[in-house]
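Q: File input-v3.pdb below, PDB, C-alpha atoms:
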ATOM      1  CA  VAL A   1      83.640  97.620 124.170  1.00  0.00           C
ATOM      2  CA  GLU A   2      85.429  97.948 127.516  1.00  0.00           C
ATOM      3  CA  ILE A   3      89.133  97.112 127.482  1.00  0.00           C
ATOM      4  CA  GLU A   4      88.677  94.231 129.958  1.00  0.00           C
ATOM      5  CA  ASP A   5      86.039  92.640 127.704  1.00  0.00           C
ATOM      6  CA  ALA A   6      87.828  93.274 124.415  1.00  0.00           C
ATOM      7  CA  ALA A   7      90.312  90.381 124.616  1.00  0.00           C
ATOM      8  CA  PHE A   8      87.515  87.893 125.389  1.00  0.00           C
ATOM      9  CA  LEU A   9      85.385  89.282 122.553  1.00  0.00           C
ATOM     10  CA  LEU A  10      88.388  89.045 120.238  1.00  0.00           C
ATOM     11  CA  GLY A  11      88.860  85.379 121.113  1.00  0.00           C
ATOM     12  CA  GLU A  12      85.196  84.616 120.456  1.00  0.00           C
ATOM     13  CA  ALA A  13      85.291  86.573 117.188  1.00  0.00           C
ATOM     14  CA  LEU A  14      88.255  84.525 115.971  1.00  0.00           C
ATOM     15  CA  ARG A  15      86.615  81.305 117.129  1.00  0.00           C
ATOM     16  CA  PHE A  16      83.435  81.984 115.150  1.00  0.00           C
ATOM     17  CA  ALA A  17      85.177  83.825 112.264  1.00  0.00           C
ATOM     18  CA  CYS A  18      83.217  87.050 112.845  1.00  0.00           C
ATOM     19  CA  GLU A  19      85.191  89.817 111.150  1.00  0.00           C
ATOM     20  CA  HIS A  20      83.078  92.688 112.484  1.00  0.00           C
ATOM     21  CA  ALA A  21      83.452  91.602 116.134  1.00  0.00           C
ATOM     22  CA  ARG A  22      87.184  91.056 115.549  1.00  0.00           C
ATOM     23  CA  ASP A  23      87.630  94.574 114.154  1.00  0.00           C
ATOM     24  CA  VAL A  24      85.570  96.181 116.941  1.00  0.00           C
ATOM     25  CA  SER A  25      87.504  94.414 119.700  1.00  0.00           C
ATOM     26  CA  LEU A  26      90.898  95.175 118.124  1.00  0.00           C
ATOM     27  CA  GLU A  27      89.961  98.842 117.773  1.00  0.00           C
ATOM     28  CA  SER A  28      89.008  98.946 121.463  1.00  0.00           C
ATOM     29  CA  ILE A  29      92.341  97.416 122.485  1.00  0.00           C
ATOM     30  CA  ARG A  30      94.289  99.820 120.255  1.00  0.00           C
ATOM     31  CA  ARG A  31      92.459 102.878 121.580  1.00  0.00           C
ATOM     32  CA  ASN A  32      92.722 101.862 125.241  1.00  0.00           C
ATOM     33  CA  PHE A  33      96.088 100.120 125.292  1.00  0.00           C
ATOM     34  CA  ALA A  34      97.467 102.583 127.859  1.00  0.00           C
ATOM     35  CA  MET A  35      94.986 101.154 130.390  1.00  0.00           C
ATOM     36  CA  CYS A  36      95.899  97.500 129.826  1.00  0.00           C
ATOM     37  CA  ARG A  37      96.662  95.667 133.060  1.00  0.00           C
ATOM     38  CA  LYS A  38      99.688  93.440 133.644  1.00  0.00           C
ATOM     39  CA  GLY A  39      99.357  90.126 131.863  1.00  0.00           C
ATOM     40  CA  TYR A  40      96.784  91.464 129.379  1.00  0.00           C
ATOM     41  CA  LEU A  41      98.648  90.223 126.297  1.00  0.00           C
ATOM     42  CA  ALA A  42      98.384  86.644 127.591  1.00  0.00           C
ATOM     43  CA  ASP A  43      94.621  86.874 126.971  1.00  0.00           C
ATOM     44  CA  ILE A  44      95.248  87.331 123.235  1.00  0.00           C
ATOM     45  CA  LEU A  45      95.815  83.772 122.079  1.00  0.00           C
ATOM     46  CA  ASP A  46      96.247  84.323 118.334  1.00  0.00           C
ATOM     47  CA  HIS A  47      99.936  85.065 117.653  1.00  0.00           C
ATOM     48  CA  GLY A  48      99.324  86.723 114.303  1.00  0.00           C
ATOM     49  CA  ILE A  49      96.683  89.059 115.758  1.00  0.00           C
ATOM     50  CA  LEU A  50      98.995  89.924 118.667  1.00  0.00           C
ATOM     51  CA  CYS A  51     101.806  90.833 116.245  1.00  0.00           C
ATOM     52  CA  GLN A  52      99.363  92.913 114.184  1.00  0.00           C
ATOM     53  CA  LEU A  53      98.249  94.780 117.302  1.00  0.00           C
ATOM     54  CA  LEU A  54     101.778  95.546 118.519  1.00  0.00           C
ATOM     55  CA  ASP A  55     102.793  96.724 115.037  1.00  0.00           C
ATOM     56  CA  SER A  56      99.974  99.245 114.756  1.00  0.00           C
ATOM     57  CA  ASN A  57     100.745 102.940 114.272  1.00  0.00           C
ATOM     58  CA  GLU A  58      97.475 103.682 116.082  1.00  0.00           C
ATOM     59  CA  LEU A  59      98.370 101.769 119.272  1.00  0.00           C
ATOM     60  CA  ARG A  60      97.584 104.333 121.987  1.00  0.00           C
ATOM     61  CA  CYS A  61     100.187 103.306 124.529  1.00  0.00           C
ATOM     62  CA  ARG A  62     101.458 105.443 127.405  1.00  0.00           C
ATOM     63  CA  ASP A  63     104.850 105.381 125.695  1.00  0.00           C
ATOM     64  CA  GLU A  64     107.072 102.825 123.959  1.00  0.00           C
ATOM     65  CA  ASP A  65     108.378 101.704 127.371  1.00  0.00           C
ATOM     66  CA  GLN A  66     104.911 100.272 128.067  1.00  0.00           C
ATOM     67  CA  VAL A  67     105.048  98.205 124.872  1.00  0.00           C
ATOM     68  CA  PHE A  68     108.530  96.973 125.822  1.00  0.00           C
ATOM     69  CA  ASP A  69     107.377  95.997 129.336  1.00  0.00           C
ATOM     70  CA  MET A  70     104.325  94.132 128.067  1.00  0.00           C
ATOM     71  CA  ILE A  71     106.291  92.165 125.472  1.00  0.00           C
ATOM     72  CA  GLN A  72     108.942  91.377 128.083  1.00  0.00           C
ATOM     73  CA  GLU A  73     106.294  90.211 130.556  1.00  0.00           C
ATOM     74  CA  TYR A  74     104.612  88.085 127.876  1.00  0.00           C
ATOM     75  CA  CYS A  75     107.914  86.408 126.949  1.00  0.00           C
ATOM     76  CA  ASN A  76     108.830  85.814 130.604  1.00  0.00           C
ATOM     77  CA  ILE A  77     105.429  84.306 131.440  1.00  0.00           C
ATOM     78  CA  ASN A  78     105.400  81.951 128.453  1.00  0.00           C
ATOM     79  CA  GLY A  79     109.051  80.965 128.858  1.00  0.00           C
ATOM     80  CA  ASP A  80     109.822  77.647 127.177  1.00  0.00           C
ATOM     81  CA  GLY A  81     106.346  77.511 125.668  1.00  0.00           C
ATOM     82  CA  LEU A  82     107.196  80.382 123.320  1.00  0.00           C
ATOM     83  CA  SER A  83     109.301  79.445 120.305  1.00  0.00           C
ATOM     84  CA  LYS A  84     112.357  81.508 119.426  1.00  0.00           C
ATOM     85  CA  GLN A  85     110.733  82.522 116.130  1.00  0.00           C
ATOM     86  CA  ARG A  86     107.591  83.806 117.833  1.00  0.00           C
ATOM     87  CA  ALA A  87     109.572  85.697 120.458  1.00  0.00           C
ATOM     88  CA  THR A  88     111.574  87.322 117.658  1.00  0.00           C
ATOM     89  CA  GLU A  89     108.382  88.326 115.820  1.00  0.00           C
ATOM     90  CA  LEU A  90     106.991  89.975 118.958  1.00  0.00           C
ATOM     91  CA  TRP A  91     110.196  91.875 119.782  1.00  0.00           C
ATOM     92  CA  GLU A  92     110.440  93.139 116.201  1.00  0.00           C
ATOM     93  CA  ARG A  93     107.244  95.130 116.848  1.00  0.00           C
ATOM     94  CA  CYS A  94     108.863  97.180 119.625  1.00  0.00           C
ATOM     95  CA  ARG A  95     110.111 100.578 118.414  1.00  0.00           C
ATOM     96  CA  PHE A  96     113.487 100.576 120.135  1.00  0.00           C
ATOM     97  CA  VAL A  97     114.470 104.010 118.854  1.00  0.00           C
ATOM     98  CA  HIS A  98     111.786 105.531 121.112  1.00  0.00           C
ATOM     99  CA  LEU A  99     112.653 103.714 124.367  1.00  0.00           C
ATOM    100  CA  SER A 100     113.894 105.509 127.469  1.00  0.00           C
ATOM    101  CA  PRO A 101     117.601 105.012 128.377  1.00  0.00           C
ATOM    102  CA  LYS A 102     116.554 102.657 131.193  1.00  0.00           C
ATOM    103  CA  LYS A 103     114.679 100.373 128.799  1.00  0.00           C
ATOM    104  CA  VAL A 104     117.504 100.512 126.256  1.00  0.00           C
ATOM    105  CA  ALA A 105     119.792  99.139 128.979  1.00  0.00           C
ATOM    106  CA  GLU A 106     117.273  96.384 129.781  1.00  0.00           C
ATOM    107  CA  ALA A 107     116.999  95.498 126.105  1.00  0.00           C
ATOM    108  CA  ALA A 108     120.769  95.081 125.863  1.00  0.00           C
ATOM    109  CA  MET A 109     120.597  92.338 128.516  1.00  0.00           C
ATOM    110  CA  ARG A 110     118.006  90.186 126.741  1.00  0.00           C
ATOM    111  CA  ALA A 111     119.210  87.414 124.455  1.00  0.00           C
ATOM    112  CA  ASP A 112     115.836  86.954 122.707  1.00  0.00           C
ATOM    113  CA  ILE A 113     115.686  90.387 121.061  1.00  0.00           C
ATOM    114  CA  PRO A 114     116.688  90.248 117.352  1.00  0.00           C
ATOM    115  CA  LEU A 115     120.015  91.976 116.794  1.00  0.00           C
ATOM    116  CA  GLN A 116     118.873  93.856 113.677  1.00  0.00           C
ATOM    117  CA  SER A 117     116.042  95.516 115.598  1.00  0.00           C
ATOM    118  CA  LEU A 118     118.434  96.620 118.345  1.00  0.00           C
ATOM    119  CA  LYS A 119     121.069  97.912 115.941  1.00  0.00           C
ATOM    120  CA  LEU A 120     118.610  99.926 113.857  1.00  0.00           C
ATOM    121  CA  GLY A 121     116.936 101.298 116.976  1.00  0.00           C
ATOM    122  CA  TRP A 122     120.192 102.374 118.574  1.00  0.00           C
ATOM    123  CA  ALA A 123     121.538 103.865 115.334  1.00  0.00           C
ATOM    124  CA  GLY A 124     118.330 105.852 114.890  1.00  0.00           C
ATOM    125  CA  ARG A 125     118.426 107.086 118.489  1.00  0.00           C
ATOM    126  CA  ILE A 126     122.021 108.291 118.167  1.00  0.00           C
ATOM    127  CA  LEU A 127     121.260 110.130 114.921  1.00  0.00           C
ATOM    128  CA  LYS A 128     118.140 111.727 116.386  1.00  0.00           C
ATOM    129  CA  GLU A 129     119.893 112.972 119.509  1.00  0.00           C
ATOM    130  CA  ALA A 130     123.445 113.681 118.341  1.00  0.00           C
ATOM    131  CA  GLY A 131     123.219 114.158 114.578  1.00  0.00           C
ATOM    132  CA  ASP A 132     122.250 117.228 112.593  1.00  0.00           C
ATOM    133  CA  SER A 133     118.705 117.865 111.389  1.00  0.00           C
ATOM    134  CA  GLN A 134     119.121 115.793 108.199  1.00  0.00           C
ATOM    135  CA  ASP A 135     120.837 112.734 109.668  1.00  0.00           C
ATOM    136  CA  PHE A 136     117.760 110.907 110.965  1.00  0.00           C
ATOM    137  CA  PRO A 137     115.566 111.548 107.862  1.00  0.00           C
ATOM    138  CA  GLY A 138     118.482 110.354 105.736  1.00  0.00           C
ATOM    139  CA  PHE A 139     118.758 107.223 107.872  1.00  0.00           C
ATOM    140  CA  LEU A 140     115.021 106.543 107.392  1.00  0.00           C
ATOM    141  CA  GLU A 141     115.371 106.828 103.623  1.00  0.00           C
ATOM    142  CA  MET A 142     118.355 104.456 103.659  1.00  0.00           C
ATOM    143  CA  VAL A 143     116.423 101.844 105.665  1.00  0.00           C
ATOM    144  CA  GLN A 144     113.379 102.214 103.417  1.00  0.00           C
ATOM    145  CA  GLY A 145     115.546 101.665 100.346  1.00  0.00           C
ATOM    146  CA  GLN A 146     117.220  98.466 101.551  1.00  0.00           C
ATOM    147  CA  LYS A 147     115.168  95.400 100.706  1.00  0.00           C
ATOM    148  CA  SER A 148     116.460  93.417 103.695  1.00  0.00           C
ATOM    149  CA  ALA A 149     115.449  96.135 106.183  1.00  0.00           C
ATOM    150  CA  SER A 150     112.550  97.970 104.510  1.00  0.00           C
ATOM    151  CA  HIS A 151     109.989  96.196 106.728  1.00  0.00           C
ATOM    152  CA  MET A 152     111.647  97.918 109.711  1.00  0.00           C
ATOM    153  CA  TYR A 153     110.986 101.407 108.345  1.00  0.00           C
ATOM    154  CA  LYS A 154     107.660 102.017 110.115  1.00  0.00           C
ATOM    155  CA  ARG A 155     109.137 100.718 113.381  1.00  0.00           C
ATOM    156  CA  LEU A 156     111.615 103.594 113.421  1.00  0.00           C
ATOM    157  CA  LEU A 157     108.759 106.132 113.448  1.00  0.00           C
ATOM    158  CA  PRO A 158     106.712 107.205 116.456  1.00  0.00           C
ATOM    159  CA  ARG A 159     103.370 105.451 116.542  1.00  0.00           C
ATOM    160  CA  ASP A 160     101.417 108.621 115.794  1.00  0.00           C
ATOM    161  CA  ALA A 161     103.577 109.602 112.808  1.00  0.00           C
ATOM    162  CA  LEU A 162     100.746 109.437 110.296  1.00  0.00           C
ATOM    163  CA  PRO A 163     100.599 111.488 107.081  1.00  0.00           C
ATOM    164  CA  MET A 164      99.062 114.936 107.309  1.00  0.00           C
ATOM    165  CA  PRO A 165      96.727 116.692 104.850  1.00  0.00           C
ATOM    166  CA  GLY A 166      98.758 117.930 101.879  1.00  0.00           C
ATOM    167  CA  ASP A 167     101.309 115.104 102.029  1.00  0.00           C
ATOM    168  CA  VAL A 168     102.020 113.224  98.804  1.00  0.00           C
ATOM    169  CA  LEU A 169     102.038 109.419  99.025  1.00  0.00           C
ATOM    170  CA  GLU A 170     102.938 106.704  96.553  1.00  0.00           C
ATOM    171  CA  ALA A 171     101.018 103.448  96.168  1.00  0.00           C
ATOM    172  CA  ILE A 172     103.414 100.531  96.665  1.00  0.00           C
ATOM    173  CA  ASN A 173     100.662  98.006  95.953  1.00  0.00           C
ATOM    174  CA  GLU A 174      97.346  98.197  94.127  1.00  0.00           C
ATOM    175  CA  ILE A 175      95.014 100.396  96.176  1.00  0.00           C
ATOM    176  CA  ARG A 176      91.270  99.895  96.510  1.00  0.00           C
ATOM    177  CA  VAL A 177      89.495 103.261  96.819  1.00  0.00           C
ATOM    178  CA  ARG A 178      86.011 103.474  98.330  1.00  0.00           C
ATOM    179  CA  GLN A 179      83.389 106.210  98.314  1.00  0.00           C
ATOM    180  CA  GLY A 180      83.084 106.293 102.111  1.00  0.00           C
ATOM    181  CA  GLU A 181      85.414 105.826 105.065  1.00  0.00           C
ATOM    182  CA  ASP A 182      83.826 102.509 106.098  1.00  0.00           C
ATOM    183  CA  PHE A 183      85.324  99.346 104.659  1.00  0.00           C
ATOM    184  CA  ASP A 184      81.922  98.181 103.429  1.00  0.00           C
ATOM    185  CA  SER A 185      81.140 101.418 101.542  1.00  0.00           C
ATOM    186  CA  PRO A 186      80.779 101.226  97.727  1.00  0.00           C
ATOM    187  CA  LYS A 187      83.957 100.837  95.694  1.00  0.00           C
ATOM    188  CA  ALA A 188      85.076 103.878  93.720  1.00  0.00           C
ATOM    189  CA  CYS A 189      88.069 102.575  91.747  1.00  0.00           C
ATOM    190  CA  ARG A 190      91.441 100.848  91.999  1.00  0.00           C
ATOM    191  CA  LEU A 191      94.792 102.642  91.769  1.00  0.00           C
ATOM    192  CA  PRO A 192      97.796 100.765  90.349  1.00  0.00           C
ATOM    193  CA  GLU A 193     101.165 100.523  92.056  1.00  0.00           C
ATOM    194  CA  GLY A 194     103.194 103.699  91.601  1.00  0.00           C
ATOM    195  CA  THR A 195     100.212 106.095  91.626  1.00  0.00           C
ATOM    196  CA  LEU A 196     100.855 109.377  93.468  1.00  0.00           C
ATOM    197  CA  VAL A 197      98.054 110.617  95.706  1.00  0.00           C
ATOM    198  CA  THR A 198      97.579 113.639  97.957  1.00  0.00           C
ATOM    199  CA  VAL A 199      96.152 113.300 101.469  1.00  0.00           C
ATOM    200  CA  LEU A 200      93.116 115.589 101.745  1.00  0.00           C
ATOM    201  CA  ARG A 201      92.164 114.644 105.283  1.00  0.00           C
ATOM    202  CA  ARG A 202      92.711 111.897 107.831  1.00  0.00           C
ATOM    203  CA  GLY A 203      90.039 109.524 108.983  1.00  0.00           C
ATOM    204  CA  GLY A 204      89.936 106.991 111.771  1.00  0.00           C
ATOM    205  CA  GLY A 205      92.688 104.436 112.235  1.00  0.00           C
ATOM    206  CA  ARG A 206      94.553 103.725 109.013  1.00  0.00           C
ATOM    207  CA  ARG A 207      92.052 105.466 106.691  1.00  0.00           C
ATOM    208  CA  VAL A 208      92.807 108.606 104.673  1.00  0.00           C
ATOM    209  CA  PHE A 209      90.773 110.617 102.167  1.00  0.00           C
ATOM    210  CA  ILE A 210      92.933 111.074  99.063  1.00  0.00           C
ATOM    211  CA  GLY A 211      92.891 112.945  95.775  1.00  0.00           C
ATOM    212  CA  PHE A 212      94.555 111.844  92.535  1.00  0.00           C
ATOM    213  CA  GLN A 213      94.477 112.330  88.779  1.00  0.00           C
ATOM    214  CA  GLN A 214      91.283 111.174  87.111  1.00  0.00           C
ATOM    215  CA  ARG A 215      91.043 107.470  86.449  1.00  0.00           C
ATOM    216  CA  ALA A 216      89.991 106.902  82.819  1.00  0.00           C
ATOM    217  CA  ASP A 217      88.096 103.737  83.741  1.00  0.00           C
ATOM    218  CA  SER A 218      85.855 105.390  86.333  1.00  0.00           C
ATOM    219  CA  GLY A 219      86.175 109.184  86.242  1.00  0.00           C
ATOM    220  CA  CYS A 220      87.089 108.964  89.934  1.00  0.00           C
ATOM    221  CA  THR A 221      89.401 111.689  91.336  1.00  0.00           C
ATOM    222  CA  GLN A 222      89.163 111.133  95.102  1.00  0.00           C
ATOM    223  CA  GLY A 223      88.066 108.653  97.728  1.00  0.00           C
ATOM    224  CA  TRP A 224      88.954 106.761 100.898  1.00  0.00           C
ATOM    225  CA  ALA A 225      91.882 104.330 101.120  1.00  0.00           C
ATOM    226  CA  SER A 226      94.008 102.592 103.741  1.00  0.00           C
ATOM    227  CA  ILE A 227      97.614 103.469 104.513  1.00  0.00           C
ATOM    228  CA  GLU A 228      98.311  99.837 105.350  1.00  0.00           C
ATOM    229  CA  ARG A 229      96.622  96.453 105.334  1.00  0.00           C
ATOM    230  CA  ALA A 230      95.071  94.985 108.469  1.00  0.00           C
ATOM    231  CA  ASP A 231      98.219  92.884 108.949  1.00  0.00           C
ATOM    232  CA  GLY A 232     100.397  96.024 109.021  1.00  0.00           C
ATOM    233  CA  ARG A 233     101.893  95.750 105.518  1.00  0.00           C
ATOM    234  CA  ALA A 234     102.150  99.179 103.899  1.00  0.00           C
ATOM    235  CA  LEU A 235      99.961 100.174 100.942  1.00  0.00           C
ATOM    236  CA  LEU A 236     101.017 103.829 100.730  1.00  0.00           C
ATOM    237  CA  ARG A 237     104.402 105.335 101.523  1.00  0.00           C
ATOM    238  CA  PRO A 238     105.606 108.934 101.551  1.00  0.00           C
ATOM    239  CA  ALA A 239     106.704 110.206  98.159  1.00  0.00           C
ATOM    240  CA  CYS A 240     108.479 112.938 100.154  1.00  0.00           C
ATOM    241  CA  SER A 241     109.409 113.095 103.820  1.00  0.00           C
ATOM    242  CA  TRP A 242     106.380 113.957 105.983  1.00  0.00           C
ATOM    243  CA  GLN A 243     107.825 112.809 109.319  1.00  0.00           C
ATOM    244  CA  GLU A 244     109.477 116.155 110.069  1.00  0.00           C
ATOM    245  CA  ARG A 245     106.379 118.159 109.111  1.00  0.00           C
ATOM    246  CA  SER A 246     104.032 116.018 111.205  1.00  0.00           C
ATOM    247  CA  GLY A 247     106.432 116.245 114.133  1.00  0.00           C
ATOM    248  CA  SER A 248     106.680 120.024 113.877  1.00  0.00           C
ATOM    249  CA  GLN A 249     102.900 120.406 113.607  1.00  0.00           C
ATOM    250  CA  ARG A 250     102.376 118.274 116.713  1.00  0.00           C
ATOM    251  CA  SER A 251     104.992 120.290 118.635  1.00  0.00           C
ATOM    252  CA  GLU A 252     103.240 123.540 117.687  1.00  0.00           C
ATOM    253  CA  ALA A 253      99.824 122.254 118.722  1.00  0.00           C
TER
END
Can I see the file as structure tokens?
A:
Amino acid sequence: VEIEDAAFLLGEALRFACEHARDVSLESIRRNFAMCRKGYLADILDHGILCQLLDSNELRCRDEDQVFDMIQEYCNINGDGLSKQRATELWERCRFVHLSPKKVAEAAMRADIPLQSLKLGWAGRILKEAGDSQDFPGFLEMVQGQKSASHMYKRLLPRDALPMPGDVLEAINEIRVRQGEDFDSPKACRLPEGTLVTVLRRGGGRRVFIGFQQRADSGCTQGWASIERADGRALLRPACSWQERSGSQRSEA
């Protein structure tokens, strides 16, 4: 699906409740977000879907400045027609820690950006640039451990900071494991909250192939699972810090 057709297809998919067409169009927008024209977000009429899109780790943007500019443009265009709550929910999806200095200055001048998002973003940026090698990972662990801010954890990471093969993850909700990568492939088993799994390889989008101790109810020891739900809520989290390792592997590539 071409990027210019994807928003229209998404609208029709939501109108007729066609999940397959919705998923295909969203995947096209995520993969081609860097090519989105000005005003593109205005074509996505479902607020929940728009928030889900902007929160995605797989959003292939030019950089976080592009996400900032598109949210800012969307808020400016809609003006009084956009409630304060909805504006807050959109701005929360911007990863302020990864903005350029110019955009950080612009963010400081906007009254509709939630203060918590700005404070966490700025604190993370300072620790990344001026702290020692352990300061930023320690900050991430602190945010992840605080109930009031844990939902902000993923928004402090770069959008491509996905787990790498060999990383150990913990299930923070019940996990449905399937035999194949596709969501309609046969079910293999379910893993309860607290299960530790090892990433064996990465698939497309939010899918990973994992290994784990044998499940007594099925004899299953591996299968495909999702890192997060379609709405962006996490299903698996690092049992140990993989952000530094993934960053170092990307820098060596």
Q: If we count only C-alpha atoms, what is near stretch 186-196 of chain A at a cut-off of 10 Å, once residues fewer than 3 positions away on the same chain are taken out, given as number ranges by chain?
A: A: 168-183, 210-213, 215, 217-225, 235-239
Q: Calculated over all atoms listed in the file, which of the candidates A:Leu156, A:Val208, A:Val143, A:Leu118 has the smallest distance to A:Glu106?
A: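 Smallest separation from A:Glu106 among the options: A:Leu118.
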Q: Suppose a student applies the PyMOL selection byres ((chain A and resi 30) around 12) to this structure; what residues should they get, written as a PyMOL selection string?
A: chain A and resi 1-3+6-7+23-29+31-36+49-50+52-62+67+159+204-206
Q: So which residues touch A:Ala105 within 12 Å, counting only C-alpha atoms, skipping near sequence neighbours fewer than 4 positions away, as a count of residues only?
A: 10
Q: Report the distance between atom CA of A:Met152 and atom CA of A:Asp46 in Å, rounded to one decimal place.
A: 22.3 Å
Q: Do you have the atom CA of A:Gly166-atom CA of A:Leu200 distance handy?
A: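 The value is 6.1 Å.
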Q: Within 12 Å of A:Ser150, counting all atoms listed in the file, which residues show up once you throw out same-chain ones fewer than 2 positions away? Write them as a PDB file with C-alpha atoms, keeping the file's coordinate frame, please.
A:
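This is the output file out_7.pdb:
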ATOM      1  CA  GLN A 116     118.873  93.856 113.677  1.00  0.00           C
ATOM      2  CA  SER A 117     116.042  95.516 115.598  1.00  0.00           C
ATOM      3  CA  LEU A 120     118.610  99.926 113.857  1.00  0.00           C
ATOM      4  CA  PHE A 139     118.758 107.223 107.872  1.00  0.00           C
ATOM      5  CA  LEU A 140     115.021 106.543 107.392  1.00  0.00           C
ATOM      6  CA  GLU A 141     115.371 106.828 103.623  1.00  0.00           C
ATOM      7  CA  MET A 142     118.355 104.456 103.659  1.00  0.00           C
ATOM      8  CA  VAL A 143     116.423 101.844 105.665  1.00  0.00           C
ATOM      9  CA  GLN A 144     113.379 102.214 103.417  1.00  0.00           C
ATOM     10  CA  GLY A 145     115.546 101.665 100.346  1.00  0.00           C
ATOM     11  CA  GLN A 146     117.220  98.466 101.551  1.00  0.00           C
ATOM     12  CA  LYS A 147     115.168  95.400 100.706  1.00  0.00           C
ATOM     13  CA  SER A 148     116.460  93.417 103.695  1.00  0.00           C
ATOM     14  CA  MET A 152     111.647  97.918 109.711  1.00  0.00           C
ATOM     15  CA  TYR A 153     110.986 101.407 108.345  1.00  0.00           C
ATOM     16  CA  LYS A 154     107.660 102.017 110.115  1.00  0.00           C
ATOM     17  CA  ARG A 155     109.137 100.718 113.381  1.00  0.00           C
ATOM     18  CA  LEU A 156     111.615 103.594 113.421  1.00  0.00           C
ATOM     19  CA  ARG A 233     101.893  95.750 105.518  1.00  0.00           C
ATOM     20  CA  ALA A 234     102.150  99.179 103.899  1.00  0.00           C
ATOM     21  CA  ARG A 237     104.402 105.335 101.523  1.00  0.00           C
TER      22      ARG A 237
END
Q: When the PyMOL selection byres ((chain A and resi 85-90) around 9) is applied to the file above, which residues end up in the set, as number ranges by chain?
A: A: 47, 50-51, 54-55, 71, 75, 82-84, 91-94, 112-114
Q: Tell me which of A:Arg202, A:Arg229, A:Arg37, A:Arg95 sits closest to A:Asp63, counting all atoms listed in the file.
A: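 Smallest distance to A:Asp63 is found for A:Arg95.
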Q: Please provide the set of residues having any atom within 12 Å of A:Glu12, restricted to only C-alpha atoms, with same-chain residues fewer than 6 positions apart removed, written as number ranges by chain.
A: A: 5-6, 18-22, 25, 43-46
Q: Quick one, how far is atom CA of A:Leu9 from atom CA of A:Lys38?
A: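 Taking atom CA of A:Leu9 and atom CA of A:Lys38, their separation equals 18.6 Å.
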Q: Choose the residue, out of A:Gln66, A:Asp184, A:Val97, A:Ala42, that has the smallest atom-to-atom separation from A:Gly11; count only C-alpha atoms.
A: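 So, comparing all the options, the nearest one is A:Ala42.
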Q: Just so I have it separately, write stretch 162-185 of chain A from the block I sent, keeping C-alpha atoms, as an mmCIF file, in the first residue's frame.
A:
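Saved as part09.cif:
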data_model
loop_
_atom_site.group_PDB
_atom_site.id
_atom_site.type_symbol
_atom_site.label_atom_id
_atom_site.label_comp_id
_atom_site.auth_asym_id
_atom_site.auth_seq_id
_atom_site.Cartn_x
_atom_site.Cartn_y
_atom_site.Cartn_z
ATOM 1 C CA LEU A 162 14.281 -3.485 20.215
ATOM 2 C CA PRO A 163 15.631 -6.570 22.010
ATOM 3 C CA MET A 164 18.394 -8.493 20.286
ATOM 4 C CA PRO A 165 18.889 -12.270 20.023
ATOM 5 C CA GLY A 166 20.218 -13.580 23.340
ATOM 6 C CA ASP A 167 18.421 -10.976 25.462
ATOM 7 C CA VAL A 168 16.375 -12.235 28.406
ATOM 8 C CA LEU A 169 12.865 -10.796 28.773
ATOM 9 C CA GLU A 170 10.221 -11.120 31.457
ATOM 10 C CA ALA A 171 6.504 -11.482 30.756
ATOM 11 C CA ILE A 172 4.629 -8.692 32.543
ATOM 12 C CA ASN A 173 1.276 -10.041 31.363
ATOM 13 C CA GLU A 174 0.097 -13.439 30.169
ATOM 14 C CA ILE A 175 1.732 -14.120 26.802
ATOM 15 C CA ARG A 176 0.118 -15.996 23.929
ATOM 16 C CA VAL A 177 2.741 -17.978 21.987
ATOM 17 C CA ARG A 178 2.067 -19.087 18.412
ATOM 18 C CA GLN A 179 3.777 -21.609 16.160
ATOM 19 C CA GLY A 180 4.367 -19.092 13.361
ATOM 20 C CA GLU A 181 5.154 -15.391 13.115
ATOM 21 C CA ASP A 182 1.715 -14.511 11.705
ATOM 22 C CA PHE A 183 -0.989 -13.579 14.182
ATOM 23 C CA ASP A 184 -3.365 -16.149 12.701
ATOM 24 C CA SER A 185 -0.897 -19.062 12.982
#
